[in-house]
file model_8.cif (mmCIF, C-alpha atoms)
data_coords
loop_
_atom_site.group_PDB
_atom_site.id
_atom_site.type_symbol
_atom_site.label_atom_id
_atom_site.label_comp_id
_atom_site.auth_asym_id
_atom_site.auth_seq_id
_atom_site.Cartn_x
_atom_site.Cartn_y
_atom_site.Cartn_z
ATOM 1 C CA MET N 2 -65.253 80.151 82.578
ATOM 2 C CA SER N 3 -63.422 77.530 84.608
ATOM 3 C CA TRP N 4 -59.785 76.578 84.130
ATOM 4 C CA LEU N 5 -59.206 73.444 82.065
ATOM 5 C CA LEU N 6 -55.699 71.981 82.322
ATOM 6 C CA ALA N 7 -54.880 68.936 80.199
ATOM 7 C CA ASN N 8 -51.903 66.895 81.392
ATOM 8 C CA TRP N 9 -51.124 64.486 78.550
ATOM 9 C CA LYS N 10 -48.309 62.763 80.471
ATOM 10 C CA ALA N 11 -46.390 60.236 78.273
ATOM 11 C CA ASN N 12 -49.375 59.089 76.245
ATOM 12 C CA THR N 13 -50.169 58.603 72.550
ATOM 13 C CA ASP N 14 -48.507 60.573 69.690
ATOM 14 C CA LEU N 15 -48.075 63.954 68.066
ATOM 15 C CA GLN N 16 -50.876 63.526 65.516
ATOM 16 C CA THR N 17 -53.353 62.827 68.309
ATOM 17 C CA TYR N 18 -52.198 65.934 70.169
ATOM 18 C CA LEU N 19 -52.582 68.103 67.086
ATOM 19 C CA LYS N 20 -56.111 66.776 66.563
ATOM 20 C CA LEU N 21 -57.063 67.479 70.187
ATOM 21 C CA VAL N 22 -55.654 71.001 69.990
ATOM 22 C CA SER N 23 -57.642 71.679 66.808
ATOM 23 C CA MET N 24 -60.853 71.018 68.758
ATOM 24 C CA ILE N 25 -60.279 73.976 71.107
ATOM 25 C CA PRO N 26 -62.106 77.186 70.111
ATOM 26 C CA ASP N 27 -60.216 80.450 69.717
ATOM 27 C CA GLY N 28 -60.432 82.611 72.802
ATOM 28 C CA SER N 29 -60.222 79.719 75.276
ATOM 29 C CA SER N 30 -58.086 81.798 77.610
ATOM 30 C CA THR N 31 -58.601 79.524 80.610
ATOM 31 C CA THR N 32 -57.301 76.416 78.849
ATOM 32 C CA ILE N 33 -53.738 75.167 79.419
ATOM 33 C CA ILE N 34 -52.307 72.338 77.326
ATOM 34 C CA ILE N 35 -49.476 70.356 78.964
ATOM 35 C CA PRO N 36 -47.841 67.995 76.431
ATOM 36 C CA PRO N 37 -44.666 65.914 76.865
ATOM 37 C CA HIS N 38 -41.468 67.907 76.396
ATOM 38 C CA PRO N 39 -40.667 66.688 72.835
ATOM 39 C CA TYR N 40 -44.051 67.928 71.599
ATOM 40 C CA ILE N 41 -44.095 71.342 73.238
ATOM 41 C CA TRP N 42 -42.668 73.093 70.188
ATOM 42 C CA PRO N 43 -44.957 71.594 67.493
ATOM 43 C CA VAL N 44 -48.013 72.004 69.734
ATOM 44 C CA SER N 45 -47.089 75.643 70.370
ATOM 45 C CA LYS N 46 -47.283 76.312 66.646
ATOM 46 C CA VAL N 47 -50.954 75.311 66.358
ATOM 47 C CA LEU N 48 -52.458 76.528 69.642
ATOM 48 C CA PRO N 49 -55.682 78.489 69.120
ATOM 49 C CA ALA N 50 -55.666 82.139 70.174
ATOM 50 C CA GLY N 51 -55.680 82.562 73.929
ATOM 51 C CA VAL N 52 -54.796 78.966 74.815
ATOM 52 C CA LYS N 53 -51.800 78.665 77.121
ATOM 53 C CA LEU N 54 -48.912 76.206 76.994
ATOM 54 C CA GLY N 55 -47.624 74.255 79.961
ATOM 55 C CA ALA N 56 -44.778 71.848 80.694
ATOM 56 C CA GLN N 57 -44.926 68.681 82.776
ATOM 57 C CA ASP N 58 -41.643 69.211 84.593
ATOM 58 C CA VAL N 59 -38.549 71.395 84.808
ATOM 59 C CA SER N 60 -34.919 70.935 85.790
ATOM 60 C CA ILE N 61 -33.609 72.026 89.166
ATOM 61 C CA PHE N 62 -30.568 73.400 87.330
ATOM 62 C CA GLU N 63 -30.188 76.781 85.670
ATOM 63 C CA SER N 64 -27.932 75.371 82.939
ATOM 64 C CA GLY N 65 -24.768 73.328 82.491
ATOM 65 C CA ALA N 66 -23.571 69.763 82.030
ATOM 66 C CA HIS N 67 -26.785 68.006 83.040
ATOM 67 C CA THR N 68 -27.623 65.477 80.346
ATOM 68 C CA GLY N 69 -31.340 65.054 79.708
ATOM 69 C CA GLU N 70 -32.424 68.089 81.714
ATOM 70 C CA VAL N 71 -34.777 70.784 80.375
ATOM 71 C CA THR N 72 -34.352 74.183 82.009
ATOM 72 C CA SER N 73 -36.916 76.861 82.760
ATOM 73 C CA GLU N 74 -35.188 79.189 80.302
ATOM 74 C CA MET N 75 -35.574 76.600 77.521
ATOM 75 C CA LEU N 76 -39.256 76.123 78.338
ATOM 76 C CA LYS N 77 -39.918 79.845 78.284
ATOM 77 C CA GLU N 78 -38.168 80.158 74.926
ATOM 78 C CA MET N 79 -40.550 77.525 73.507
ATOM 79 C CA GLY N 80 -43.574 79.541 74.586
ATOM 80 C CA VAL N 81 -44.346 77.817 77.892
ATOM 81 C CA SER N 82 -46.095 80.007 80.466
ATOM 82 C CA HIS N 83 -47.051 77.435 83.128
ATOM 83 C CA VAL N 84 -45.128 74.510 84.645
ATOM 84 C CA LEU N 85 -46.445 71.484 86.531
ATOM 85 C CA VAL N 86 -44.521 70.518 89.640
ATOM 86 C CA GLY N 87 -45.036 68.129 92.533
ATOM 87 C CA HIS N 88 -47.311 65.656 90.765
ATOM 88 C CA SER N 89 -47.663 62.459 92.796
ATOM 89 C CA GLU N 90 -46.290 60.408 89.895
ATOM 90 C CA ARG N 91 -43.044 62.319 90.285
ATOM 91 C CA ARG N 92 -43.088 62.609 94.059
ATOM 92 C CA SER N 93 -43.365 58.806 94.277
ATOM 93 C CA SER N 94 -40.258 58.283 92.135
ATOM 94 C CA SER N 95 -37.739 61.023 92.789
ATOM 95 C CA ASP N 96 -39.181 64.437 93.645
ATOM 96 C CA THR N 97 -38.745 65.090 97.348
ATOM 97 C CA PHE N 98 -40.085 68.263 98.946
ATOM 98 C CA GLY N 99 -36.622 69.785 98.550
ATOM 99 C CA ILE N 100 -36.565 69.052 94.823
ATOM 100 C CA VAL N 101 -40.062 70.449 94.358
ATOM 101 C CA ASP N 102 -38.924 73.606 96.152
ATOM 102 C CA ARG N 103 -35.850 73.930 93.896
ATOM 103 C CA LYS N 104 -37.996 73.423 90.793
ATOM 104 C CA LEU N 105 -40.368 76.124 91.994
ATOM 105 C CA SER N 106 -37.420 78.490 92.333
ATOM 106 C CA ARG N 107 -36.374 77.786 88.741
ATOM 107 C CA ILE N 108 -39.951 78.321 87.515
ATOM 108 C CA LEU N 109 -40.150 81.699 89.231
ATOM 109 C CA SER N 110 -36.697 82.717 87.967
ATOM 110 C CA GLU N 111 -38.196 82.944 84.457
ATOM 111 C CA ASN N 112 -41.478 84.499 85.618
ATOM 112 C CA LEU N 113 -43.385 81.340 84.745
ATOM 113 C CA ILE N 114 -46.498 80.344 86.674
ATOM 114 C CA PRO N 115 -46.351 77.161 88.774
ATOM 115 C CA ILE N 116 -49.039 74.487 88.870
ATOM 116 C CA ILE N 117 -48.329 72.755 92.169
ATOM 117 C CA CYS N 118 -49.928 69.393 92.873
ATOM 118 C CA CYS N 119 -50.657 68.069 96.326
ATOM 119 C CA GLY N 120 -52.474 64.943 97.399
ATOM 120 C CA MET N 121 -52.812 62.232 100.010
ATOM 121 C CA ASP N 122 -53.753 58.567 99.861
ATOM 122 C CA LYS N 123 -57.000 59.481 101.603
ATOM 123 C CA VAL N 124 -59.414 62.397 101.527
ATOM 124 C CA PRO N 125 -58.225 64.897 104.145
ATOM 125 C CA SER N 126 -60.925 65.149 106.799
ATOM 126 C CA THR N 127 -59.335 66.861 109.792
ATOM 127 C CA GLN N 128 -57.628 70.215 110.136
ATOM 128 C CA GLU N 129 -54.374 68.333 110.752
ATOM 129 C CA ASP N 130 -54.842 66.583 107.390
ATOM 130 C CA ILE N 131 -55.411 69.927 105.670
ATOM 131 C CA THR N 132 -52.285 71.371 107.284
ATOM 132 C CA GLN N 133 -50.248 68.367 106.112
ATOM 133 C CA LEU N 134 -51.637 68.874 102.609
ATOM 134 C CA ALA N 135 -50.695 72.561 102.659
ATOM 135 C CA ASP N 136 -47.238 71.664 103.941
ATOM 136 C CA MET N 137 -46.610 69.727 100.705
ATOM 137 C CA ILE N 138 -46.528 73.080 98.930
ATOM 138 C CA PRO N 139 -43.252 75.047 99.048
ATOM 139 C CA SER N 140 -43.268 78.696 100.048
ATOM 140 C CA LEU N 141 -45.290 80.905 97.717
ATOM 141 C CA ASP N 142 -43.954 84.126 99.217
ATOM 142 C CA LYS N 143 -42.317 85.056 95.903
ATOM 143 C CA CYS N 144 -45.263 83.977 93.722
ATOM 144 C CA ALA N 145 -47.559 86.554 92.183
ATOM 145 C CA GLU N 146 -49.840 83.766 90.949
ATOM 146 C CA ALA N 147 -50.000 79.998 91.399
ATOM 147 C CA PHE N 148 -52.282 77.089 90.638
ATOM 148 C CA ILE N 149 -52.824 74.553 93.407
ATOM 149 C CA ALA N 150 -54.184 71.204 92.250
ATOM 150 C CA PHE N 151 -55.651 68.916 94.891
ATOM 151 C CA GLU N 152 -55.287 65.366 93.563
ATOM 152 C CA PRO N 153 -56.142 62.469 95.880
ATOM 153 C CA ILE N 154 -53.579 59.801 95.040
ATOM 154 C CA PHE N 155 -56.169 57.018 94.975
ATOM 155 C CA ALA N 156 -58.189 58.934 92.344
ATOM 156 C CA ILE N 157 -55.465 59.450 89.739
ATOM 157 C CA GLY N 158 -56.235 57.334 86.686
ATOM 158 C CA THR N 159 -58.496 54.951 88.595
ATOM 159 C CA GLY N 160 -61.958 56.266 87.804
ATOM 160 C CA ILE N 161 -62.568 56.673 91.542
ATOM 161 C CA THR N 162 -63.299 60.147 92.869
ATOM 162 C CA PRO N 163 -64.183 61.574 96.285
ATOM 163 C CA SER N 164 -67.711 62.822 96.708
ATOM 164 C CA ILE N 165 -68.505 66.336 95.511
ATOM 165 C CA GLU N 166 -69.009 67.338 99.143
ATOM 166 C CA GLN N 167 -65.551 66.031 100.060
ATOM 167 C CA ILE N 168 -63.883 67.875 97.165
ATOM 168 C CA ASP N 169 -65.644 71.092 98.168
ATOM 169 C CA ASP N 170 -64.689 70.716 101.820
ATOM 170 C CA VAL N 171 -61.002 70.110 101.101
ATOM 171 C CA LEU N 172 -60.679 72.948 98.572
ATOM 172 C CA LYS N 173 -62.377 75.427 100.904
ATOM 173 C CA LYS N 174 -60.207 74.519 103.881
ATOM 174 C CA LEU N 175 -56.996 74.348 101.828
ATOM 175 C CA ALA N 176 -57.667 77.771 100.317
ATOM 176 C CA VAL N 177 -58.172 79.305 103.768
ATOM 177 C CA VAL N 178 -54.828 77.947 104.999
ATOM 178 C CA LEU N 179 -52.858 78.935 101.907
ATOM 179 C CA ARG N 180 -54.381 82.394 101.545
ATOM 180 C CA SER N 181 -53.609 83.150 105.169
ATOM 181 C CA ARG N 182 -50.002 82.054 104.615
ATOM 182 C CA TYR N 183 -49.541 83.806 101.275
ATOM 183 C CA PRO N 184 -51.943 86.769 101.062
ATOM 184 C CA LYS N 185 -50.065 88.393 98.175
ATOM 185 C CA CYS N 186 -50.272 85.358 95.886
ATOM 186 C CA LYS N 187 -53.235 84.984 93.555
ATOM 187 C CA LEU N 188 -54.293 81.361 94.083
ATOM 188 C CA ASN N 189 -56.289 79.296 91.620
ATOM 189 C CA CYS N 190 -57.558 76.140 93.349
ATOM 190 C CA LEU N 191 -58.113 73.117 91.105
ATOM 191 C CA TYR N 192 -59.315 69.557 91.496
ATOM 192 C CA GLY N 193 -57.644 66.653 89.681
ATOM 193 C CA GLY N 194 -58.138 62.890 89.775
ATOM 194 C CA SER N 195 -60.411 60.936 87.407
ATOM 195 C CA VAL N 196 -62.158 64.054 86.116
ATOM 196 C CA ASN N 197 -64.397 63.084 83.199
ATOM 197 C CA SER N 198 -67.529 64.014 81.273
ATOM 198 C CA ASN N 199 -69.722 62.439 83.959
ATOM 199 C CA ASN N 200 -68.525 64.590 86.863
ATOM 200 C CA ILE N 201 -67.152 67.768 85.295
ATOM 201 C CA GLU N 202 -70.349 69.814 85.656
ATOM 202 C CA LYS N 203 -70.714 69.051 89.357
ATOM 203 C CA ILE N 204 -67.060 69.844 90.036
ATOM 204 C CA ASN N 205 -67.181 73.097 88.074
ATOM 205 C CA ALA N 206 -70.316 74.140 89.951
ATOM 206 C CA LEU N 207 -68.390 74.301 93.227
ATOM 207 C CA SER N 208 -67.644 77.861 94.301
ATOM 208 C CA SER N 209 -64.462 76.559 95.947
ATOM 209 C CA CYS N 210 -63.104 75.176 92.656
ATOM 210 C CA ASP N 211 -61.503 77.369 89.989
ATOM 211 C CA GLY N 212 -61.095 74.527 87.495
ATOM 212 C CA VAL N 213 -59.789 71.035 86.839
ATOM 213 C CA LEU N 214 -56.565 69.225 86.017
ATOM 214 C CA VAL N 215 -57.453 66.385 83.647
ATOM 215 C CA GLY N 216 -55.428 63.358 82.565
ATOM 216 C CA SER N 217 -56.711 60.449 80.484
ATOM 217 C CA SER N 218 -60.149 61.923 79.752
ATOM 218 C CA SER N 219 -58.507 64.767 77.839
ATOM 219 C CA LEU N 220 -57.094 62.211 75.368
ATOM 220 C CA ASN N 221 -60.501 60.884 74.361
ATOM 221 C CA GLU N 222 -62.011 63.055 71.608
ATOM 222 C CA LYS N 223 -65.618 62.680 72.745
ATOM 223 C CA GLN N 224 -64.796 63.373 76.396
ATOM 224 C CA TRP N 225 -62.406 66.171 75.462
ATOM 225 C CA GLU N 226 -65.136 67.945 73.500
ATOM 226 C CA HIS N 227 -67.460 67.686 76.485
ATOM 227 C CA LEU N 228 -64.795 68.967 78.900
ATOM 228 C CA ILE N 229 -64.053 71.963 76.682
ATOM 229 C CA LYS N 230 -67.700 72.946 76.438
ATOM 230 C CA SER N 231 -68.330 72.455 80.128
ATOM 231 C CA CYS N 232 -65.403 74.590 81.243
ATOM 232 C CA LYS N 233 -66.172 77.316 78.731
ATOM 233 C CA ILE N 234 -69.761 77.788 79.912
ATOM 234 C CA SER N 235 -68.992 77.528 83.634
ATOM 235 C CA SER N 236 -69.165 80.756 85.543
#

call {"tool": "encode", "arguments": {"input": "model_8.cif", "output": "structure tokens"}}
result
Amino acid sequence: MSWLLANWKANTDLQTYLKLVSMIPDGSSTTIIIPPHPYIWPVSKVLPAGVKLGAQDVSIFESGAHTGEVTSEMLKEMGVSHVLVGHSERRSSSDTFGIVDRKLSRILSENLIPIICCGMDKVPSTQEDITQLADMIPSLDKCAEAFIAFEPIFAIGTGITPSIEQIDDVLKKLAVVLRSRYPKCKLNCLYGGSVNSNNIEKINALSSCDGVLVGSSSLNEKQWEHLIKSCKISS
């Protein structure tokens, strides 16, 4: 099976989320649902057996007078096991490398598993590009396990994707760099960026790819059903 991560961002409503969750078979242990913060609790109550719960962001603070912040301890208490950090939509607004690093520290403080996004406005083609991509990821020295999602910025929500050969090349080279830097961390390498029912099989067939991080396609019932089936039968 391949990992299927659904990032629902700030879209649609609770009833739609509950319907989408009901479509997931029991035992889908490589599926992670990542709803907006207000819906984490109700979604957690209906998750099929084995399905994991993620959060889209986390506070840099442990606790205290920080209005509007959601801490790693709060997320863990709601059943969250994985936390997204470093998505380009957040890096472009407020999340500097330093903030991403602080968020990673808070994630690890509660023994949660990070899903760290990295991407460029082009497909990395040189070793220098790959190194720059790897440098977007804070130190994983203290991580037992992490997900690394390569998301080309131009592909997010646009319907445009790199070629399968380009995705494979980047994931292979990125994995080599990161595994040499952090040999004790179990790395799951993902692709994200306009993943849909038309390209999911080809992406999942790549030996370099452990799964996908999906956005808008995971909100469409017909596409969602296809994505679930494809990831479940992938080896």

call {"tool": "closest_residue", "arguments": {"input": "model_8.cif", "among": "N:Thr162, N:Asn199, N:Ser73, N:Ser208", "to": "N:Trp225", "atoms": "only C-alpha atoms"}}
result
N:Asn199

call {"tool": "atom_distance", "arguments": {"input": "model_8.cif", "atom1": "atom CA of N:Pro139", "atom2": "atom CA of N:Trp42"}}
result
28.9 Å

call {"tool": "residues_around", "arguments": {"input": "model_8.cif", "residues": "stretch 95-104 of chain N", "least_positions_apart": "2", "cutoff": "8 Å", "atoms": "all atoms listed in the file", "output": "PDB file with C-alpha atoms, keeping the file's coordinate frame"}}
result
ATOM      1  CA  VAL N  59     -38.549  71.395  84.808  1.00  0.00           C
ATOM      2  CA  SER N  60     -34.919  70.935  85.790  1.00  0.00           C
ATOM      3  CA  ILE N  61     -33.609  72.026  89.166  1.00  0.00           C
ATOM      4  CA  VAL N  86     -44.521  70.518  89.640  1.00  0.00           C
ATOM      5  CA  GLY N  87     -45.036  68.129  92.533  1.00  0.00           C
ATOM      6  CA  ARG N  91     -43.044  62.319  90.285  1.00  0.00           C
ATOM      7  CA  ARG N  92     -43.088  62.609  94.059  1.00  0.00           C
ATOM      8  CA  SER N  93     -43.365  58.806  94.277  1.00  0.00           C
ATOM      9  CA  SER N 106     -37.420  78.490  92.333  1.00  0.00           C
ATOM     10  CA  ARG N 107     -36.374  77.786  88.741  1.00  0.00           C
ATOM     11  CA  ILE N 108     -39.951  78.321  87.515  1.00  0.00           C
ATOM     12  CA  MET N 137     -46.610  69.727 100.705  1.00  0.00           C
ATOM     13  CA  PRO N 139     -43.252  75.047  99.048  1.00  0.00           C
ATOM     14  CA  SER N 140     -43.268  78.696 100.048  1.00  0.00           C
TER      15      SER N 140
END

call {"tool": "closest_residue", "arguments": {"input": "model_8.cif", "among": "N:Gly55, N:Pro39, N:Gly193, N:Gly160", "to": "N:Gly69", "atoms": "all atoms listed in the file"}}
result
N:Pro39

call {"tool": "resolve_selection", "arguments": {"input": "model_8.cif", "expression": "the PyMOL selection byres ((chain N and resi 216) around 10)", "output": "ChimeraX atom specification"}}
result
/N:6-10,12,35,157-158,193-197,213-215,217-221

call {"tool": "resolve_selection", "arguments": {"input": "model_8.cif", "expression": "the PyMOL selection byres ((chain N and resi 120) around 7)", "output": "list in words"}}
result
Cys118, Cys119, Met121, Asp122, Leu134, Phe151, Glu152, Pro153 and Ile154 of chain N

call {"tool": "resolve_selection", "arguments": {"input": "model_8.cif", "expression": "the PyMOL selection byres ((chain N and resi 178) around 12)", "output": "mmCIF file with C-alpha atoms, in the frame of the given file"}}
result
data_model
loop_
_atom_site.group_PDB
_atom_site.id
_atom_site.type_symbol
_atom_site.label_atom_id
_atom_site.label_comp_id
_atom_site.auth_asym_id
_atom_site.auth_seq_id
_atom_site.Cartn_x
_atom_site.Cartn_y
_atom_site.Cartn_z
ATOM 1 C CA GLN N 128 -57.628 70.215 110.136
ATOM 2 C CA GLU N 129 -54.374 68.333 110.752
ATOM 3 C CA ASP N 130 -54.842 66.583 107.390
ATOM 4 C CA ILE N 131 -55.411 69.927 105.670
ATOM 5 C CA THR N 132 -52.285 71.371 107.284
ATOM 6 C CA GLN N 133 -50.248 68.367 106.112
ATOM 7 C CA LEU N 134 -51.637 68.874 102.609
ATOM 8 C CA ALA N 135 -50.695 72.561 102.659
ATOM 9 C CA ASP N 136 -47.238 71.664 103.941
ATOM 10 C CA ILE N 138 -46.528 73.080 98.930
ATOM 11 C CA VAL N 171 -61.002 70.110 101.101
ATOM 12 C CA LEU N 172 -60.679 72.948 98.572
ATOM 13 C CA LYS N 173 -62.377 75.427 100.904
ATOM 14 C CA LYS N 174 -60.207 74.519 103.881
ATOM 15 C CA LEU N 175 -56.996 74.348 101.828
ATOM 16 C CA ALA N 176 -57.667 77.771 100.317
ATOM 17 C CA VAL N 177 -58.172 79.305 103.768
ATOM 18 C CA LEU N 179 -52.858 78.935 101.907
ATOM 19 C CA ARG N 180 -54.381 82.394 101.545
ATOM 20 C CA SER N 181 -53.609 83.150 105.169
ATOM 21 C CA ARG N 182 -50.002 82.054 104.615
ATOM 22 C CA TYR N 183 -49.541 83.806 101.275
ATOM 23 C CA PRO N 184 -51.943 86.769 101.062
ATOM 24 C CA LEU N 188 -54.293 81.361 94.083
#

call {"tool": "decode", "arguments": {"input": "model_8.cif", "residues": "stretch 97-187 of chain N", "atoms": "C-alpha atoms", "output": "PDB file, in the first residue's frame"}}
result
ATOM      1  CA  THR N  97      10.231  31.349   7.758  1.00  0.00           C
ATOM      2  CA  PHE N  98      12.763  28.538   8.084  1.00  0.00           C
ATOM      3  CA  GLY N  99      13.190  29.505  11.738  1.00  0.00           C
ATOM      4  CA  ILE N 100       9.463  29.200  12.407  1.00  0.00           C
ATOM      5  CA  VAL N 101       9.282  25.852  10.632  1.00  0.00           C
ATOM      6  CA  ASP N 102      12.167  24.662  12.809  1.00  0.00           C
ATOM      7  CA  ARG N 103      10.406  25.828  15.999  1.00  0.00           C
ATOM      8  CA  LYS N 104       7.182  24.114  14.921  1.00  0.00           C
ATOM      9  CA  LEU N 105       9.100  20.907  14.293  1.00  0.00           C
ATOM     10  CA  SER N 106      10.478  21.098  17.824  1.00  0.00           C
ATOM     11  CA  ARG N 107       6.958  21.428  19.236  1.00  0.00           C
ATOM     12  CA  ILE N 108       5.752  18.486  17.121  1.00  0.00           C
ATOM     13  CA  LEU N 109       8.549  16.271  18.412  1.00  0.00           C
ATOM     14  CA  SER N 110       7.987  17.398  22.013  1.00  0.00           C
ATOM     15  CA  GLU N 111       4.695  15.454  21.968  1.00  0.00           C
ATOM     16  CA  ASN N 112       6.098  12.509  19.994  1.00  0.00           C
ATOM     17  CA  LEU N 113       4.014  13.433  16.964  1.00  0.00           C
ATOM     18  CA  ILE N 114       5.227  12.661  13.451  1.00  0.00           C
ATOM     19  CA  PRO N 115       6.047  15.602  11.163  1.00  0.00           C
ATOM     20  CA  ILE N 116       4.983  15.905   7.535  1.00  0.00           C
ATOM     21  CA  ILE N 117       7.480  18.414   6.173  1.00  0.00           C
ATOM     22  CA  CYS N 118       6.812  20.055   2.825  1.00  0.00           C
ATOM     23  CA  CYS N 119       9.496  21.391   0.541  1.00  0.00           C
ATOM     24  CA  GLY N 120       9.241  22.808  -2.946  1.00  0.00           C
ATOM     25  CA  MET N 121      10.671  25.216  -5.483  1.00  0.00           C
ATOM     26  CA  ASP N 122       9.148  27.294  -8.257  1.00  0.00           C
ATOM     27  CA  LYS N 123      10.863  24.982 -10.732  1.00  0.00           C
ATOM     28  CA  VAL N 124      11.667  21.288 -10.913  1.00  0.00           C
ATOM     29  CA  PRO N 125      15.087  20.810  -9.303  1.00  0.00           C
ATOM     30  CA  SER N 126      17.453  19.549 -11.987  1.00  0.00           C
ATOM     31  CA  THR N 127      20.967  19.995 -10.620  1.00  0.00           C
ATOM     32  CA  GLN N 128      22.616  18.676  -7.486  1.00  0.00           C
ATOM     33  CA  GLU N 129      22.746  22.266  -6.218  1.00  0.00           C
ATOM     34  CA  ASP N 130      18.955  22.468  -6.636  1.00  0.00           C
ATOM     35  CA  ILE N 131      18.516  19.230  -4.688  1.00  0.00           C
ATOM     36  CA  THR N 132      20.761  20.518  -1.901  1.00  0.00           C
ATOM     37  CA  GLN N 133      18.738  23.745  -1.712  1.00  0.00           C
ATOM     38  CA  LEU N 134      15.561  21.665  -1.516  1.00  0.00           C
ATOM     39  CA  ALA N 135      17.001  19.548   1.299  1.00  0.00           C
ATOM     40  CA  ASP N 136      18.119  22.695   3.099  1.00  0.00           C
ATOM     41  CA  MET N 137      14.457  23.756   3.386  1.00  0.00           C
ATOM     42  CA  ILE N 138      14.017  20.910   5.858  1.00  0.00           C
ATOM     43  CA  PRO N 139      15.069  21.552   9.476  1.00  0.00           C
ATOM     44  CA  SER N 140      17.310  19.083  11.264  1.00  0.00           C
ATOM     45  CA  LEU N 141      15.789  15.623  11.614  1.00  0.00           C
ATOM     46  CA  ASP N 142      18.440  14.442  14.062  1.00  0.00           C
ATOM     47  CA  LYS N 143      15.808  14.003  16.785  1.00  0.00           C
ATOM     48  CA  CYS N 144      13.180  12.425  14.504  1.00  0.00           C
ATOM     49  CA  ALA N 145      12.509   8.708  14.630  1.00  0.00           C
ATOM     50  CA  GLU N 146      10.194   9.037  11.624  1.00  0.00           C
ATOM     51  CA  ALA N 147       9.247  11.826   9.227  1.00  0.00           C
ATOM     52  CA  PHE N 148       7.330  12.355   6.019  1.00  0.00           C
ATOM     53  CA  ILE N 149       8.955  14.542   3.380  1.00  0.00           C
ATOM     54  CA  ALA N 150       6.578  15.884   0.744  1.00  0.00           C
ATOM     55  CA  PHE N 151       8.107  17.274  -2.433  1.00  0.00           C
ATOM     56  CA  GLU N 152       5.621  19.813  -3.804  1.00  0.00           C
ATOM     57  CA  PRO N 153       6.675  21.962  -6.764  1.00  0.00           C
ATOM     58  CA  ILE N 154       5.118  25.352  -6.070  1.00  0.00           C
ATOM     59  CA  PHE N 155       3.872  25.758  -9.639  1.00  0.00           C
ATOM     60  CA  ALA N 156       1.967  22.445  -9.371  1.00  0.00           C
ATOM     61  CA  ILE N 157      -0.076  23.166  -6.244  1.00  0.00           C
ATOM     62  CA  GLY N 158      -3.732  23.520  -7.190  1.00  0.00           C
ATOM     63  CA  THR N 159      -2.975  24.306 -10.829  1.00  0.00           C
ATOM     64  CA  GLY N 160      -3.486  20.963 -12.533  1.00  0.00           C
ATOM     65  CA  ILE N 161       0.093  21.162 -13.818  1.00  0.00           C
ATOM     66  CA  THR N 162       2.524  18.449 -12.774  1.00  0.00           C
ATOM     67  CA  PRO N 163       6.152  17.645 -13.599  1.00  0.00           C
ATOM     68  CA  SER N 164       6.740  14.598 -15.732  1.00  0.00           C
ATOM     69  CA  ILE N 165       6.833  11.217 -14.007  1.00  0.00           C
ATOM     70  CA  GLU N 166      10.536  11.018 -14.841  1.00  0.00           C
ATOM     71  CA  GLN N 167      11.168  14.383 -13.171  1.00  0.00           C
ATOM     72  CA  ILE N 168       9.257  13.388 -10.022  1.00  0.00           C
ATOM     73  CA  ASP N 169      11.221  10.137  -9.829  1.00  0.00           C
ATOM     74  CA  ASP N 170      14.551  11.882 -10.328  1.00  0.00           C
ATOM     75  CA  VAL N 171      13.930  14.486  -7.624  1.00  0.00           C
ATOM     76  CA  LEU N 172      12.620  11.995  -5.049  1.00  0.00           C
ATOM     77  CA  LYS N 173      15.559   9.643  -5.600  1.00  0.00           C
ATOM     78  CA  LYS N 174      18.157  12.388  -5.275  1.00  0.00           C
ATOM     79  CA  LEU N 175      16.417  14.055  -2.316  1.00  0.00           C
ATOM     80  CA  ALA N 176      16.193  10.744  -0.461  1.00  0.00           C
ATOM     81  CA  VAL N 177      19.920  10.110  -0.942  1.00  0.00           C
ATOM     82  CA  VAL N 178      20.817  13.515   0.522  1.00  0.00           C
ATOM     83  CA  LEU N 179      18.436  13.295   3.472  1.00  0.00           C
ATOM     84  CA  ARG N 180      19.233   9.693   4.369  1.00  0.00           C
ATOM     85  CA  SER N 181      22.933  10.480   4.382  1.00  0.00           C
ATOM     86  CA  ARG N 182      22.282  13.434   6.698  1.00  0.00           C
ATOM     87  CA  TYR N 183      19.838  11.640   8.988  1.00  0.00           C
ATOM     88  CA  PRO N 184      20.532   7.885   8.882  1.00  0.00           C
ATOM     89  CA  LYS N 185      18.564   7.186  12.066  1.00  0.00           C
ATOM     90  CA  CYS N 186      15.329   8.757  10.817  1.00  0.00           C
ATOM     91  CA  LYS N 187      12.813   6.611   8.967  1.00  0.00           C
TER      92      LYS N 187
END
